[in-house]
Structure formats: structure tokens, C-alpha cells
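Data file: final_16.pdb. Format and content: PDB, C-alpha atoms.
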ATOM      1  CA  MET E 634     -21.009 155.517 299.479  1.00  0.00           C
ATOM      2  CA  GLY E 635     -18.709 154.187 302.140  1.00  0.00           C
ATOM      3  CA  ILE E 636     -15.709 151.952 301.569  1.00  0.00           C
ATOM      4  CA  VAL E 637     -17.724 148.912 302.665  1.00  0.00           C
ATOM      5  CA  SER E 638     -20.920 148.234 300.709  1.00  0.00           C
ATOM      6  CA  PRO E 639     -23.492 145.415 300.897  1.00  0.00           C
ATOM      7  CA  GLU E 640     -22.213 144.106 297.540  1.00  0.00           C
ATOM      8  CA  THR E 641     -18.869 143.183 299.092  1.00  0.00           C
ATOM      9  CA  VAL E 642     -20.330 141.603 302.225  1.00  0.00           C
ATOM     10  CA  ARG E 643     -21.283 137.912 302.311  1.00  0.00           C
ATOM     11  CA  ILE E 644     -23.518 136.909 305.194  1.00  0.00           C
ATOM     12  CA  GLY E 645     -23.786 133.330 306.430  1.00  0.00           C
ATOM     13  CA  GLY E 646     -20.788 132.107 304.462  1.00  0.00           C
ATOM     14  CA  GLN E 647     -18.995 128.824 304.809  1.00  0.00           C
ATOM     15  CA  ALA E 648     -15.362 128.047 304.135  1.00  0.00           C
ATOM     16  CA  SER E 649     -13.668 124.651 304.021  1.00  0.00           C
ATOM     17  CA  ASP E 650     -10.335 126.077 305.117  1.00  0.00           C
ATOM     18  CA  LYS E 651      -8.334 129.274 305.418  1.00  0.00           C
ATOM     19  CA  ALA E 652      -7.315 129.357 301.741  1.00  0.00           C
ATOM     20  CA  ASP E 653     -10.946 128.935 300.724  1.00  0.00           C
ATOM     21  CA  ALA E 654     -11.928 131.823 302.996  1.00  0.00           C
ATOM     22  CA  ILE E 655      -9.223 134.062 301.525  1.00  0.00           C
ATOM     23  CA  ARG E 656     -10.334 133.179 297.971  1.00  0.00           C
ATOM     24  CA  GLN E 657     -13.939 134.034 298.829  1.00  0.00           C
ATOM     25  CA  ALA E 658     -12.993 137.332 300.442  1.00  0.00           C
ATOM     26  CA  GLY E 659     -10.875 138.068 297.366  1.00  0.00           C
ATOM     27  CA  GLU E 660     -13.656 137.103 294.963  1.00  0.00           C
ATOM     28  CA  LEU E 661     -15.944 139.598 296.679  1.00  0.00           C
ATOM     29  CA  LEU E 662     -13.361 142.295 295.929  1.00  0.00           C
ATOM     30  CA  VAL E 663     -13.205 141.114 292.298  1.00  0.00           C
ATOM     31  CA  GLN E 664     -16.994 141.159 291.978  1.00  0.00           C
ATOM     32  CA  GLY E 665     -17.109 144.601 293.550  1.00  0.00           C
ATOM     33  CA  GLY E 666     -14.809 145.887 290.821  1.00  0.00           C
ATOM     34  CA  CYS E 667     -12.060 146.682 293.321  1.00  0.00           C
ATOM     35  CA  VAL E 668      -9.320 144.361 292.048  1.00  0.00           C
ATOM     36  CA  GLU E 669      -8.189 142.248 289.096  1.00  0.00           C
ATOM     37  CA  PRO E 670      -8.658 138.493 289.600  1.00  0.00           C
ATOM     38  CA  GLY E 671      -4.889 138.051 290.012  1.00  0.00           C
ATOM     39  CA  TYR E 672      -5.009 140.020 293.250  1.00  0.00           C
ATOM     40  CA  VAL E 673      -6.539 137.008 294.990  1.00  0.00           C
ATOM     41  CA  GLU E 674      -3.361 134.993 294.408  1.00  0.00           C
ATOM     42  CA  GLY E 675      -1.446 137.885 295.943  1.00  0.00           C
ATOM     43  CA  MET E 676      -3.634 137.634 299.037  1.00  0.00           C
ATOM     44  CA  LEU E 677      -2.814 133.938 299.353  1.00  0.00           C
ATOM     45  CA  ALA E 678       0.894 134.638 298.848  1.00  0.00           C
ATOM     46  CA  ARG E 679       0.843 137.361 301.474  1.00  0.00           C
ATOM     47  CA  GLU E 680      -0.847 135.052 303.956  1.00  0.00           C
ATOM     48  CA  ALA E 681       1.835 132.435 303.353  1.00  0.00           C
ATOM     49  CA  THR E 682       4.563 134.845 304.483  1.00  0.00           C
ATOM     50  CA  MET E 683       2.776 136.009 307.630  1.00  0.00           C
ATOM     51  CA  SER E 684      -0.653 135.398 309.086  1.00  0.00           C
ATOM     52  CA  THR E 685      -3.142 138.258 308.961  1.00  0.00           C
ATOM     53  CA  TYR E 686      -5.079 136.877 311.924  1.00  0.00           C
ATOM     54  CA  LEU E 687      -5.695 139.733 314.365  1.00  0.00           C
ATOM     55  CA  GLY E 688      -7.202 137.835 317.264  1.00  0.00           C
ATOM     56  CA  ASN E 689     -10.772 137.579 318.602  1.00  0.00           C
ATOM     57  CA  GLY E 690     -11.984 135.790 315.485  1.00  0.00           C
ATOM     58  CA  VAL E 691     -10.951 138.370 312.873  1.00  0.00           C
ATOM     59  CA  ALA E 692      -8.444 138.128 310.003  1.00  0.00           C
ATOM     60  CA  ILE E 693      -7.561 140.801 307.428  1.00  0.00           C
ATOM     61  CA  PRO E 694      -6.157 139.116 304.300  1.00  0.00           C
ATOM     62  CA  HIS E 695      -4.707 141.542 301.753  1.00  0.00           C
ATOM     63  CA  GLY E 696      -2.248 141.616 298.872  1.00  0.00           C
ATOM     64  CA  GLN E 697       1.389 142.515 298.721  1.00  0.00           C
ATOM     65  CA  ASN E 698       3.125 145.585 297.418  1.00  0.00           C
ATOM     66  CA  ALA E 699       3.656 143.756 294.106  1.00  0.00           C
ATOM     67  CA  ASN E 700      -0.130 143.524 293.699  1.00  0.00           C
ATOM     68  CA  ARG E 701      -0.788 147.246 293.845  1.00  0.00           C
ATOM     69  CA  ALA E 702      -1.163 147.473 290.060  1.00  0.00           C
ATOM     70  CA  GLN E 703      -4.058 144.989 290.304  1.00  0.00           C
ATOM     71  CA  ILE E 704      -6.065 147.323 292.531  1.00  0.00           C
ATOM     72  CA  ARG E 705      -8.653 149.365 290.649  1.00  0.00           C
ATOM     73  CA  ARG E 706     -10.025 151.166 293.660  1.00  0.00           C
ATOM     74  CA  THR E 707      -9.836 150.897 297.398  1.00  0.00           C
ATOM     75  CA  GLY E 708     -12.265 148.348 298.720  1.00  0.00           C
ATOM     76  CA  ILE E 709     -12.988 146.167 301.717  1.00  0.00           C
ATOM     77  CA  SER E 710     -14.918 142.907 301.649  1.00  0.00           C
ATOM     78  CA  VAL E 711     -16.401 141.005 304.559  1.00  0.00           C
ATOM     79  CA  LEU E 712     -16.908 137.250 304.601  1.00  0.00           C
ATOM     80  CA  GLN E 713     -19.010 136.357 307.594  1.00  0.00           C
ATOM     81  CA  LEU E 714     -18.502 132.781 308.770  1.00  0.00           C
ATOM     82  CA  PRO E 715     -20.948 132.028 311.609  1.00  0.00           C
ATOM     83  CA  ASP E 716     -19.333 128.603 312.079  1.00  0.00           C
ATOM     84  CA  GLY E 717     -15.833 129.987 311.720  1.00  0.00           C
ATOM     85  CA  VAL E 718     -12.828 128.520 309.965  1.00  0.00           C
ATOM     86  CA  GLU E 719      -9.565 127.552 311.606  1.00  0.00           C
ATOM     87  CA  TRP E 720      -7.056 130.284 310.823  1.00  0.00           C
ATOM     88  CA  GLU E 721      -4.330 129.498 313.287  1.00  0.00           C
ATOM     89  CA  PRO E 722      -4.009 126.254 315.191  1.00  0.00           C
ATOM     90  CA  GLY E 723      -6.849 126.467 317.705  1.00  0.00           C
ATOM     91  CA  GLU E 724      -7.964 129.914 316.494  1.00  0.00           C
ATOM     92  CA  GLN E 725     -11.177 130.312 314.526  1.00  0.00           C
ATOM     93  CA  ALA E 726     -11.892 133.279 312.246  1.00  0.00           C
ATOM     94  CA  TYR E 727     -15.526 134.370 312.052  1.00  0.00           C
ATOM     95  CA  LEU E 728     -15.056 137.630 310.179  1.00  0.00           C
ATOM     96  CA  VAL E 729     -12.664 137.645 307.225  1.00  0.00           C
ATOM     97  CA  ILE E 730     -11.992 141.177 306.071  1.00  0.00           C
ATOM     98  CA  GLY E 731     -10.460 141.376 302.581  1.00  0.00           C
ATOM     99  CA  ILE E 732      -8.511 144.569 301.947  1.00  0.00           C
ATOM    100  CA  ALA E 733      -7.405 146.227 298.714  1.00  0.00           C
ATOM    101  CA  ALA E 734      -6.063 149.713 299.258  1.00  0.00           C
ATOM    102  CA  SER E 735      -4.593 152.082 296.711  1.00  0.00           C
ATOM    103  CA  ALA E 736      -4.252 154.906 299.241  1.00  0.00           C
ATOM    104  CA  ASP E 737      -5.369 155.599 302.793  1.00  0.00           C
ATOM    105  CA  GLU E 738      -9.131 156.047 302.297  1.00  0.00           C
ATOM    106  CA  HIS E 739      -9.793 152.895 304.303  1.00  0.00           C
ATOM    107  CA  VAL E 740      -7.945 153.875 307.476  1.00  0.00           C
ATOM    108  CA  GLY E 741     -11.204 154.947 309.122  1.00  0.00           C
ATOM    109  CA  VAL E 742     -12.763 151.538 308.448  1.00  0.00           C
ATOM    110  CA  LEU E 743      -9.771 149.773 309.988  1.00  0.00           C
ATOM    111  CA  SER E 744      -9.976 152.062 313.021  1.00  0.00           C
ATOM    112  CA  ASN E 745     -13.590 151.023 313.451  1.00  0.00           C
ATOM    113  CA  LEU E 746     -12.554 147.404 313.040  1.00  0.00           C
ATOM    114  CA  ALA E 747      -9.874 147.848 315.706  1.00  0.00           C
ATOM    115  CA  GLU E 748     -12.539 149.038 318.124  1.00  0.00           C
ATOM    116  CA  ILE E 749     -14.877 146.199 317.225  1.00  0.00           C
ATOM    117  CA  ILE E 750     -12.357 143.439 317.816  1.00  0.00           C
ATOM    118  CA  GLU E 751     -11.415 144.765 321.225  1.00  0.00           C
ATOM    119  CA  ASP E 752     -14.737 143.428 322.456  1.00  0.00           C
ATOM    120  CA  PRO E 753     -15.202 139.704 321.728  1.00  0.00           C
ATOM    121  CA  ASP E 754     -18.968 140.040 322.282  1.00  0.00           C
ATOM    122  CA  THR E 755     -19.324 142.691 319.580  1.00  0.00           C
ATOM    123  CA  THR E 756     -17.237 140.618 317.209  1.00  0.00           C
ATOM    124  CA  MET E 757     -19.361 137.529 317.761  1.00  0.00           C
ATOM    125  CA  GLN E 758     -22.527 139.571 317.396  1.00  0.00           C
ATOM    126  CA  LEU E 759     -21.355 140.776 313.969  1.00  0.00           C
ATOM    127  CA  ALA E 760     -20.406 137.197 313.122  1.00  0.00           C
ATOM    128  CA  ARG E 761     -24.066 136.256 313.489  1.00  0.00           C
ATOM    129  CA  VAL E 762     -26.090 139.197 312.162  1.00  0.00           C
ATOM    130  CA  THR E 763     -28.264 138.356 309.188  1.00  0.00           C
ATOM    131  CA  ASP E 764     -28.504 141.839 307.685  1.00  0.00           C
ATOM    132  CA  PRO E 765     -25.375 142.890 305.771  1.00  0.00           C
ATOM    133  CA  HIS E 766     -26.194 146.534 306.400  1.00  0.00           C
ATOM    134  CA  GLU E 767     -25.415 146.065 310.073  1.00  0.00           C
ATOM    135  CA  ILE E 768     -21.848 145.120 309.186  1.00  0.00           C
ATOM    136  CA  VAL E 769     -21.627 147.887 306.587  1.00  0.00           C
ATOM    137  CA  GLN E 770     -22.787 150.546 309.034  1.00  0.00           C
ATOM    138  CA  ARG E 771     -20.571 149.337 311.818  1.00  0.00           C
ATOM    139  CA  LEU E 772     -17.446 149.341 309.674  1.00  0.00           C
ATOM    140  CA  ASN E 773     -18.083 152.546 307.739  1.00  0.00           C
ATOM    141  CA  GLY E 774     -18.818 154.272 311.032  1.00  0.00           C
TER     142      GLY E 774
ATOM    143  CA  MET F 985      23.439 151.799 312.783  1.00  0.00           C
ATOM    144  CA  ALA F 986      21.479 153.338 315.602  1.00  0.00           C
ATOM    145  CA  ALA F 987      21.196 151.027 318.594  1.00  0.00           C
ATOM    146  CA  SER F 988      19.149 153.322 320.801  1.00  0.00           C
ATOM    147  CA  ILE F 989      17.554 156.742 320.973  1.00  0.00           C
ATOM    148  CA  PRO F 990      16.720 158.893 324.016  1.00  0.00           C
ATOM    149  CA  ALA F 991      12.975 159.025 324.649  1.00  0.00           C
ATOM    150  CA  ALA F 992      13.037 162.818 324.472  1.00  0.00           C
ATOM    151  CA  ASN F 993      14.167 162.639 320.842  1.00  0.00           C
ATOM    152  CA  VAL F 994      11.262 160.456 319.745  1.00  0.00           C
ATOM    153  CA  ASP F 995       8.522 162.528 318.154  1.00  0.00           C
ATOM    154  CA  THR F 996       7.196 159.990 315.652  1.00  0.00           C
ATOM    155  CA  ILE F 997       7.036 156.202 315.578  1.00  0.00           C
ATOM    156  CA  ILE F 998       6.573 154.550 312.201  1.00  0.00           C
ATOM    157  CA  PHE F 999       4.732 151.253 311.990  1.00  0.00           C
ATOM    158  CA  ALA F1000       5.958 149.450 308.892  1.00  0.00           C
ATOM    159  CA  CYS F1001       4.592 146.440 307.057  1.00  0.00           C
ATOM    160  CA  GLU F1002       5.062 144.996 303.596  1.00  0.00           C
ATOM    161  CA  ALA F1003       2.254 146.622 301.676  1.00  0.00           C
ATOM    162  CA  GLY F1004       1.248 149.301 304.189  1.00  0.00           C
ATOM    163  CA  MET F1005      -2.444 148.638 303.654  1.00  0.00           C
ATOM    164  CA  GLY F1006      -3.581 146.443 306.518  1.00  0.00           C
ATOM    165  CA  SER F1007      -1.470 145.104 309.321  1.00  0.00           C
ATOM    166  CA  SER F1008       0.500 148.260 310.048  1.00  0.00           C
ATOM    167  CA  ILE F1009      -2.691 150.321 310.278  1.00  0.00           C
ATOM    168  CA  MET F1010      -4.069 147.957 312.891  1.00  0.00           C
ATOM    169  CA  GLY F1011      -0.774 148.222 314.756  1.00  0.00           C
ATOM    170  CA  VAL F1012      -0.939 152.022 314.677  1.00  0.00           C
ATOM    171  CA  ASN F1013      -4.372 151.937 316.261  1.00  0.00           C
ATOM    172  CA  ALA F1014      -3.259 149.659 319.059  1.00  0.00           C
ATOM    173  CA  LEU F1015      -0.097 151.620 319.812  1.00  0.00           C
ATOM    174  CA  LYS F1016      -1.842 155.005 319.720  1.00  0.00           C
ATOM    175  CA  LYS F1017      -4.266 153.770 322.312  1.00  0.00           C
ATOM    176  CA  LYS F1018      -1.517 152.504 324.606  1.00  0.00           C
ATOM    177  CA  LEU F1019       0.401 155.787 324.286  1.00  0.00           C
ATOM    178  CA  LYS F1020      -2.709 157.792 325.084  1.00  0.00           C
ATOM    179  CA  GLN F1021      -3.390 155.703 328.181  1.00  0.00           C
ATOM    180  CA  ALA F1022       0.180 156.342 329.303  1.00  0.00           C
ATOM    181  CA  ASN F1023      -0.096 160.086 328.549  1.00  0.00           C
ATOM    182  CA  VAL F1024       2.794 159.894 326.118  1.00  0.00           C
ATOM    183  CA  ASN F1025       2.565 162.455 323.351  1.00  0.00           C
ATOM    184  CA  VAL F1026       4.207 160.747 320.379  1.00  0.00           C
ATOM    185  CA  ASN F1027       2.859 160.590 316.849  1.00  0.00           C
ATOM    186  CA  VAL F1028       2.324 157.173 315.233  1.00  0.00           C
ATOM    187  CA  VAL F1029       2.049 156.677 311.475  1.00  0.00           C
ATOM    188  CA  HIS F1030       2.020 153.688 309.134  1.00  0.00           C
ATOM    189  CA  LYS F1031       4.147 153.046 306.042  1.00  0.00           C
ATOM    190  CA  SER F1032       5.282 150.211 303.868  1.00  0.00           C
ATOM    191  CA  VAL F1033       8.928 149.315 304.492  1.00  0.00           C
ATOM    192  CA  ARG F1034       9.913 150.547 301.042  1.00  0.00           C
ATOM    193  CA  ALA F1035       8.278 153.909 301.690  1.00  0.00           C
ATOM    194  CA  LEU F1036      10.154 154.607 304.934  1.00  0.00           C
ATOM    195  CA  PRO F1037      11.427 158.203 304.937  1.00  0.00           C
ATOM    196  CA  ALA F1038      15.188 158.726 305.212  1.00  0.00           C
ATOM    197  CA  ASP F1039      14.803 160.738 308.427  1.00  0.00           C
ATOM    198  CA  ALA F1040      12.866 157.984 310.249  1.00  0.00           C
ATOM    199  CA  LYS F1041      13.977 157.744 313.873  1.00  0.00           C
ATOM    200  CA  VAL F1042      11.990 154.826 315.276  1.00  0.00           C
ATOM    201  CA  VAL F1043      10.534 152.019 313.184  1.00  0.00           C
ATOM    202  CA  LEU F1044       8.401 149.195 314.543  1.00  0.00           C
ATOM    203  CA  THR F1045       8.123 146.291 312.166  1.00  0.00           C
ATOM    204  CA  HIS F1046       7.620 142.561 311.959  1.00  0.00           C
ATOM    205  CA  LYS F1047      10.687 140.369 312.481  1.00  0.00           C
ATOM    206  CA  GLY F1048      10.530 139.165 308.887  1.00  0.00           C
ATOM    207  CA  LEU F1049      10.765 142.733 307.594  1.00  0.00           C
ATOM    208  CA  ALA F1050      13.242 144.182 310.095  1.00  0.00           C
ATOM    209  CA  GLU F1051      16.369 143.557 308.028  1.00  0.00           C
ATOM    210  CA  GLY F1052      14.875 145.311 305.018  1.00  0.00           C
ATOM    211  CA  ALA F1053      13.896 148.230 307.233  1.00  0.00           C
ATOM    212  CA  ARG F1054      17.423 148.511 308.632  1.00  0.00           C
ATOM    213  CA  GLN F1055      18.858 148.638 305.134  1.00  0.00           C
ATOM    214  CA  LYS F1056      16.349 151.243 304.046  1.00  0.00           C
ATOM    215  CA  VAL F1057      16.844 153.544 307.051  1.00  0.00           C
ATOM    216  CA  PRO F1058      20.213 152.736 308.652  1.00  0.00           C
ATOM    217  CA  GLY F1059      19.922 155.746 310.965  1.00  0.00           C
ATOM    218  CA  ALA F1060      16.709 154.571 312.624  1.00  0.00           C
ATOM    219  CA  VAL F1061      16.193 152.446 315.713  1.00  0.00           C
ATOM    220  CA  VAL F1062      14.340 149.405 314.394  1.00  0.00           C
ATOM    221  CA  VAL F1063      12.231 147.477 316.893  1.00  0.00           C
ATOM    222  CA  ALA F1064      11.157 144.051 315.644  1.00  0.00           C
ATOM    223  CA  PHE F1065       8.071 142.209 316.875  1.00  0.00           C
ATOM    224  CA  SER F1066       6.241 138.961 316.100  1.00  0.00           C
ATOM    225  CA  GLN F1067       2.571 140.010 316.298  1.00  0.00           C
ATOM    226  CA  PHE F1068       0.944 143.113 314.850  1.00  0.00           C
ATOM    227  CA  LEU F1069      -1.502 143.306 317.728  1.00  0.00           C
ATOM    228  CA  ASN F1070      -0.689 142.946 321.395  1.00  0.00           C
ATOM    229  CA  ASP F1071       2.964 142.043 321.066  1.00  0.00           C
ATOM    230  CA  PRO F1072       4.588 142.510 324.512  1.00  0.00           C
ATOM    231  CA  ILE F1073       7.213 144.721 322.904  1.00  0.00           C
ATOM    232  CA  PHE F1074       4.642 147.507 322.441  1.00  0.00           C
ATOM    233  CA  ASP F1075       4.204 147.843 326.186  1.00  0.00           C
ATOM    234  CA  LYS F1076       7.961 148.007 326.608  1.00  0.00           C
ATOM    235  CA  VAL F1077       8.213 150.781 324.031  1.00  0.00           C
ATOM    236  CA  VAL F1078       5.422 152.741 325.731  1.00  0.00           C
ATOM    237  CA  GLN F1079       7.013 152.228 329.137  1.00  0.00           C
ATOM    238  CA  ALA F1080      10.432 153.399 327.945  1.00  0.00           C
ATOM    239  CA  LEU F1081       8.902 156.545 326.456  1.00  0.00           C
ATOM    240  CA  LYS F1082       6.851 157.185 329.576  1.00  0.00           C
ATOM    241  CA  ASP F1083       9.858 156.782 331.858  1.00  0.00           C
ATOM    242  CA  GLY F1084      12.084 158.877 329.603  1.00  0.00           C
ATOM    243  CA  GLN F1085      14.488 156.014 329.047  1.00  0.00           C
ATOM    244  CA  ASP F1086      16.446 155.214 325.919  1.00  0.00           C
ATOM    245  CA  LEU F1087      14.556 153.194 323.354  1.00  0.00           C
ATOM    246  CA  GLN F1088      16.631 150.154 322.430  1.00  0.00           C
ATOM    247  CA  GLU F1089      16.856 148.378 319.123  1.00  0.00           C
ATOM    248  CA  VAL F1090      15.245 144.930 319.121  1.00  0.00           C
ATOM    249  CA  ARG F1091      16.367 142.268 316.664  1.00  0.00           C
TER     250      ARG F1091
END

Take the structure from the file and write it as C-alpha cells.
Amino acid sequence: MGIVSPETVRIGGQASDKADAIRQAGELLVQGGCVEPGYVEGMLAREATMSTYLGNGVAIPHGQNANRAQIRRTGISVLQLPDGVEWEPGEQAYLVIGIAASADEHVGVLSNLAEIIEDPDTTMQLARVTDPHEIVQRLNG
Amino acid sequence: MAASIPAANVDTIIFACEAGMGSSIMGVNALKKKLKQANVNVNVVHKSVRALPADAKVVLTHKGLAEGARQKVPGAVVVAFSQFLNDPIFDKVVQALKDGQDLQEVR
């Protein structure tokens, strides 16, 4: 099984604000057995120090070094927000990628993500697909 | 503290972030691509600031982490930036390496 699985992908999500989106992306990691619940607070704390918005509608919230003990296994969650949520002033995030990494197994997924976000059309297409497997396949490569 | 390094002495650039699990990896991807386009043969790796190796020569890191990086590896040229993707400083680094100029520290 790849790093990204349908269980940690939420299609057609909605978020009231950025913190809500981060909590949801974190909860998916909790439900997937990747992290302890406390990791989600670490994701919010990390975001407060520096935005994880990458551009082109994608953000990659993740924990801090202090949260490493709360990671059970490397995992990546995807919260798809077809309507987006404001991440930066004037910048909407449509794909929120939650990351919990104990080592470097997920580097390939992030490389795929880097390619995806270079093309705004591809990003927006993934922000609207209705089958989670499409996102899973695209990210796992 | 190293203020600059000749381009010819740069074999590896280390992208550093706090946890080393997200942002720096995205930065590595972006920089590798720019270096390839410029035909510059330099290795790029990612680390957390606290895992920087003592023999690091060039470290790219976010402004908020630059001071910690300088303390950790005083012998390295630390280049600080504001954005993990598409910061204008990356093009300057690539250009300096391509032209064989000295790479300058950025605070």
C-alpha cells in the first residue's frame, strides 16, 4: 500500500477557516492510525510560526520536531475543499495535505505533489474529482 | 562565520526547515529543478535545522530559522529566504553557481 490511502482522503470537504481545515487534515491522520491526537495541536502550532501554504491552492500542514514522538507511522492525508478556504489573505487552499513523517518514505509523494502544483489546471482538477482513488493514484505515483 | 564560498567549492546544498518533513522537501524539489535547467551539477538534500551536519557548506533556510542554523553550523554559508517555494533568492543562488561566482551569505 502506498503512503496515501483512500482512508486518509476526504473528498468534497468543507472548512470554516484555516484552523478548521488543519484540524480535519490532522483528524484524518489520527483516524488512519498515523498519529496520536495531540499531533493535531502540533500542526496548528507549526502553522502559527510559519504558513505551510505552497501556492496554487495547496497547503501542507505538518507538526514540529517536538511532535515526532506522536507519530506512529508515516502518513499523508488529503482534505479536498472544492470551495476552498482562505489560507493567506486573498489565497484560497483547495487541497490541504496533512503530513506526519517519521522518516523519508514520503519524499516520493511530495515530489509528485511538487509536480502537480506546478500546473494550476491539474491542481484544480484534483480539487474537484469525486473519486478519492484519483487523488491516491496521483500522489502515490 | 563564513560570509561566502566560491561556487567551485559547493558540492551540496542543504535545505533546512524545523521538522524536516514537509517544507524543506518541497524546497529541494524546486531548487533541483532550477539547477537542472541551468546545467549546474550540485546535490540538494533536506534536513531539519537540528540535524545539520557539522561539515555543511551551504544551508538554505527560512529567515525565522537562520539564526539557529548559524549557531549549529558556524562554518557554513547560511542563505535565508522568506518563502519555501519560488523565493527570488533561489534564482540568485542558481545564477551565482552557474556563473562560478562566490555564494554570499544572506541574512

Contacts of segment 999-1015 of chain F at 6 Å (only C-alpha atoms; same-chain gap of 2+ positions) as a JSON list (two decimals) with C-alpha atoms, in the coordinates of the input:
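File produced: result.json:
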[["chain", "number", "residue", "atom", "x", "y", "z"],
["E", 697, "GLN", "CA", 1.39, 142.51, 298.72],
["E", 698, "ASN", "CA", 3.12, 145.58, 297.42],
["E", 734, "ALA", "CA", -6.06, 149.71, 299.26],
["F", 1017, "LYS", "CA", -4.27, 153.77, 322.31],
["F", 1018, "LYS", "CA", -1.52, 152.50, 324.61],
["F", 1030, "HIS", "CA", 2.02, 153.69, 309.13],
["F", 1031, "LYS", "CA", 4.15, 153.05, 306.04],
["F", 1032, "SER", "CA", 5.28, 150.21, 303.87],
["F", 1033, "VAL", "CA", 8.93, 149.32, 304.49],
["F", 1043, "VAL", "CA", 10.53, 152.02, 313.18],
["F", 1044, "LEU", "CA", 8.40, 149.20, 314.54],
["F", 1045, "THR", "CA", 8.12, 146.29, 312.17],
["F", 1068, "PHE", "CA", 0.94, 143.11, 314.85],
["F", 1069, "LEU", "CA", -1.50, 143.31, 317.73]]

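Separating atom CA of Thr641 of chain E from atom CA of Val729 of chain E is a distance of 11.6 Å.
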
Residue list for chain E near chain F as JSON, numbers by chain, 12 Å, all atoms listed in the file: {"E": [675, 676, 679, 680, 682, 683, 684, 685, 686, 687, 688, 689, 691, 692, 693, 694, 695, 696, 697, 698, 699, 700, 701, 704, 707, 708, 709, 730, 731, 732, 733, 734, 735, 736, 737, 738, 739, 740, 741, 742, 743, 744, 745, 746, 747, 748, 749, 750, 751]}

Write out, as a PDB file, keeping the file's coordinate frame, the residues just selected, with C-alpha atoms.
ATOM      1  CA  GLY E 675      -1.446 137.885 295.943  1.00  0.00           C
ATOM      2  CA  MET E 676      -3.634 137.634 299.037  1.00  0.00           C
ATOM      3  CA  ARG E 679       0.843 137.361 301.474  1.00  0.00           C
ATOM      4  CA  GLU E 680      -0.847 135.052 303.956  1.00  0.00           C
ATOM      5  CA  THR E 682       4.563 134.845 304.483  1.00  0.00           C
ATOM      6  CA  MET E 683       2.776 136.009 307.630  1.00  0.00           C
ATOM      7  CA  SER E 684      -0.653 135.398 309.086  1.00  0.00           C
ATOM      8  CA  THR E 685      -3.142 138.258 308.961  1.00  0.00           C
ATOM      9  CA  TYR E 686      -5.079 136.877 311.924  1.00  0.00           C
ATOM     10  CA  LEU E 687      -5.695 139.733 314.365  1.00  0.00           C
ATOM     11  CA  GLY E 688      -7.202 137.835 317.264  1.00  0.00           C
ATOM     12  CA  ASN E 689     -10.772 137.579 318.602  1.00  0.00           C
ATOM     13  CA  VAL E 691     -10.951 138.370 312.873  1.00  0.00           C
ATOM     14  CA  ALA E 692      -8.444 138.128 310.003  1.00  0.00           C
ATOM     15  CA  ILE E 693      -7.561 140.801 307.428  1.00  0.00           C
ATOM     16  CA  PRO E 694      -6.157 139.116 304.300  1.00  0.00           C
ATOM     17  CA  HIS E 695      -4.707 141.542 301.753  1.00  0.00           C
ATOM     18  CA  GLY E 696      -2.248 141.616 298.872  1.00  0.00           C
ATOM     19  CA  GLN E 697       1.389 142.515 298.721  1.00  0.00           C
ATOM     20  CA  ASN E 698       3.125 145.585 297.418  1.00  0.00           C
ATOM     21  CA  ALA E 699       3.656 143.756 294.106  1.00  0.00           C
ATOM     22  CA  ASN E 700      -0.130 143.524 293.699  1.00  0.00           C
ATOM     23  CA  ARG E 701      -0.788 147.246 293.845  1.00  0.00           C
ATOM     24  CA  ILE E 704      -6.065 147.323 292.531  1.00  0.00           C
ATOM     25  CA  THR E 707      -9.836 150.897 297.398  1.00  0.00           C
ATOM     26  CA  GLY E 708     -12.265 148.348 298.720  1.00  0.00           C
ATOM     27  CA  ILE E 709     -12.988 146.167 301.717  1.00  0.00           C
ATOM     28  CA  ILE E 730     -11.992 141.177 306.071  1.00  0.00           C
ATOM     29  CA  GLY E 731     -10.460 141.376 302.581  1.00  0.00           C
ATOM     30  CA  ILE E 732      -8.511 144.569 301.947  1.00  0.00           C
ATOM     31  CA  ALA E 733      -7.405 146.227 298.714  1.00  0.00           C
ATOM     32  CA  ALA E 734      -6.063 149.713 299.258  1.00  0.00           C
ATOM     33  CA  SER E 735      -4.593 152.082 296.711  1.00  0.00           C
ATOM     34  CA  ALA E 736      -4.252 154.906 299.241  1.00  0.00           C
ATOM     35  CA  ASP E 737      -5.369 155.599 302.793  1.00  0.00           C
ATOM     36  CA  GLU E 738      -9.131 156.047 302.297  1.00  0.00           C
ATOM     37  CA  HIS E 739      -9.793 152.895 304.303  1.00  0.00           C
ATOM     38  CA  VAL E 740      -7.945 153.875 307.476  1.00  0.00           C
ATOM     39  CA  GLY E 741     -11.204 154.947 309.122  1.00  0.00           C
ATOM     40  CA  VAL E 742     -12.763 151.538 308.448  1.00  0.00           C
ATOM     41  CA  LEU E 743      -9.771 149.773 309.988  1.00  0.00           C
ATOM     42  CA  SER E 744      -9.976 152.062 313.021  1.00  0.00           C
ATOM     43  CA  ASN E 745     -13.590 151.023 313.451  1.00  0.00           C
ATOM     44  CA  LEU E 746     -12.554 147.404 313.040  1.00  0.00           C
ATOM     45  CA  ALA E 747      -9.874 147.848 315.706  1.00  0.00           C
ATOM     46  CA  GLU E 748     -12.539 149.038 318.124  1.00  0.00           C
ATOM     47  CA  ILE E 749     -14.877 146.199 317.225  1.00  0.00           C
ATOM     48  CA  ILE E 750     -12.357 143.439 317.816  1.00  0.00           C
ATOM     49  CA  GLU E 751     -11.415 144.765 321.225  1.00  0.00           C
TER      50      GLU E 751
END

Could you list the residues chosen by the PyMOL selection byres ((chain E and resi 760) around 7) in this structure as an mmCIF file with C-alpha atoms, keeping the file's coordinate frame?
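Output saved as selection_37.cif:
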data_model
loop_
_atom_site.group_PDB
_atom_site.id
_atom_site.type_symbol
_atom_site.label_atom_id
_atom_site.label_comp_id
_atom_site.auth_asym_id
_atom_site.auth_seq_id
_atom_site.Cartn_x
_atom_site.Cartn_y
_atom_site.Cartn_z
ATOM 1 C CA GLN E 713 -19.010 136.357 307.594
ATOM 2 C CA LEU E 714 -18.502 132.781 308.770
ATOM 3 C CA PRO E 715 -20.948 132.028 311.609
ATOM 4 C CA TYR E 727 -15.526 134.370 312.052
ATOM 5 C CA LEU E 728 -15.056 137.630 310.179
ATOM 6 C CA THR E 756 -17.237 140.618 317.209
ATOM 7 C CA MET E 757 -19.361 137.529 317.761
ATOM 8 C CA GLN E 758 -22.527 139.571 317.396
ATOM 9 C CA LEU E 759 -21.355 140.776 313.969
ATOM 10 C CA ARG E 761 -24.066 136.256 313.489
ATOM 11 C CA VAL E 762 -26.090 139.197 312.162
#

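Counting only C-alpha atoms, the residue from F:Lys1020, F:Arg1091, F:Ala987, F:Asp1075 that sits nearest to Leu1049 of chain F is F:Arg1091.
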
Atom CA of Asp752 of chain E to atom CA of Glu767 of chain E: how many Å, to one decimal? 16.6 Å

Can you give me, as a ChimeraX atom specification, the residues this file yields under the PyMOL selection byres ((chain E and resi 718) around 7)? /E:648,650-651,716-717,719-720,725-727

Check what the PyMOL selection byres ((chain F and resi 1062) around 8) selects in the file above and give those residues as number ranges by chain. F: 1042-1045, 1050, 1053-1054, 1060-1061, 1063-1064, 1089-1091

Taking every listed atom of segment 638-647 of chain E and adding 6 Å to each side, what centre and edge lengths in Å (one decimal) does the axis-aligned box have, as lines of an AutoDock Vina configuration file?
center_x = -21.3
center_y = 138.5
center_z = 302.0
size_x = 16.9
size_y = 31.4
size_z = 20.9
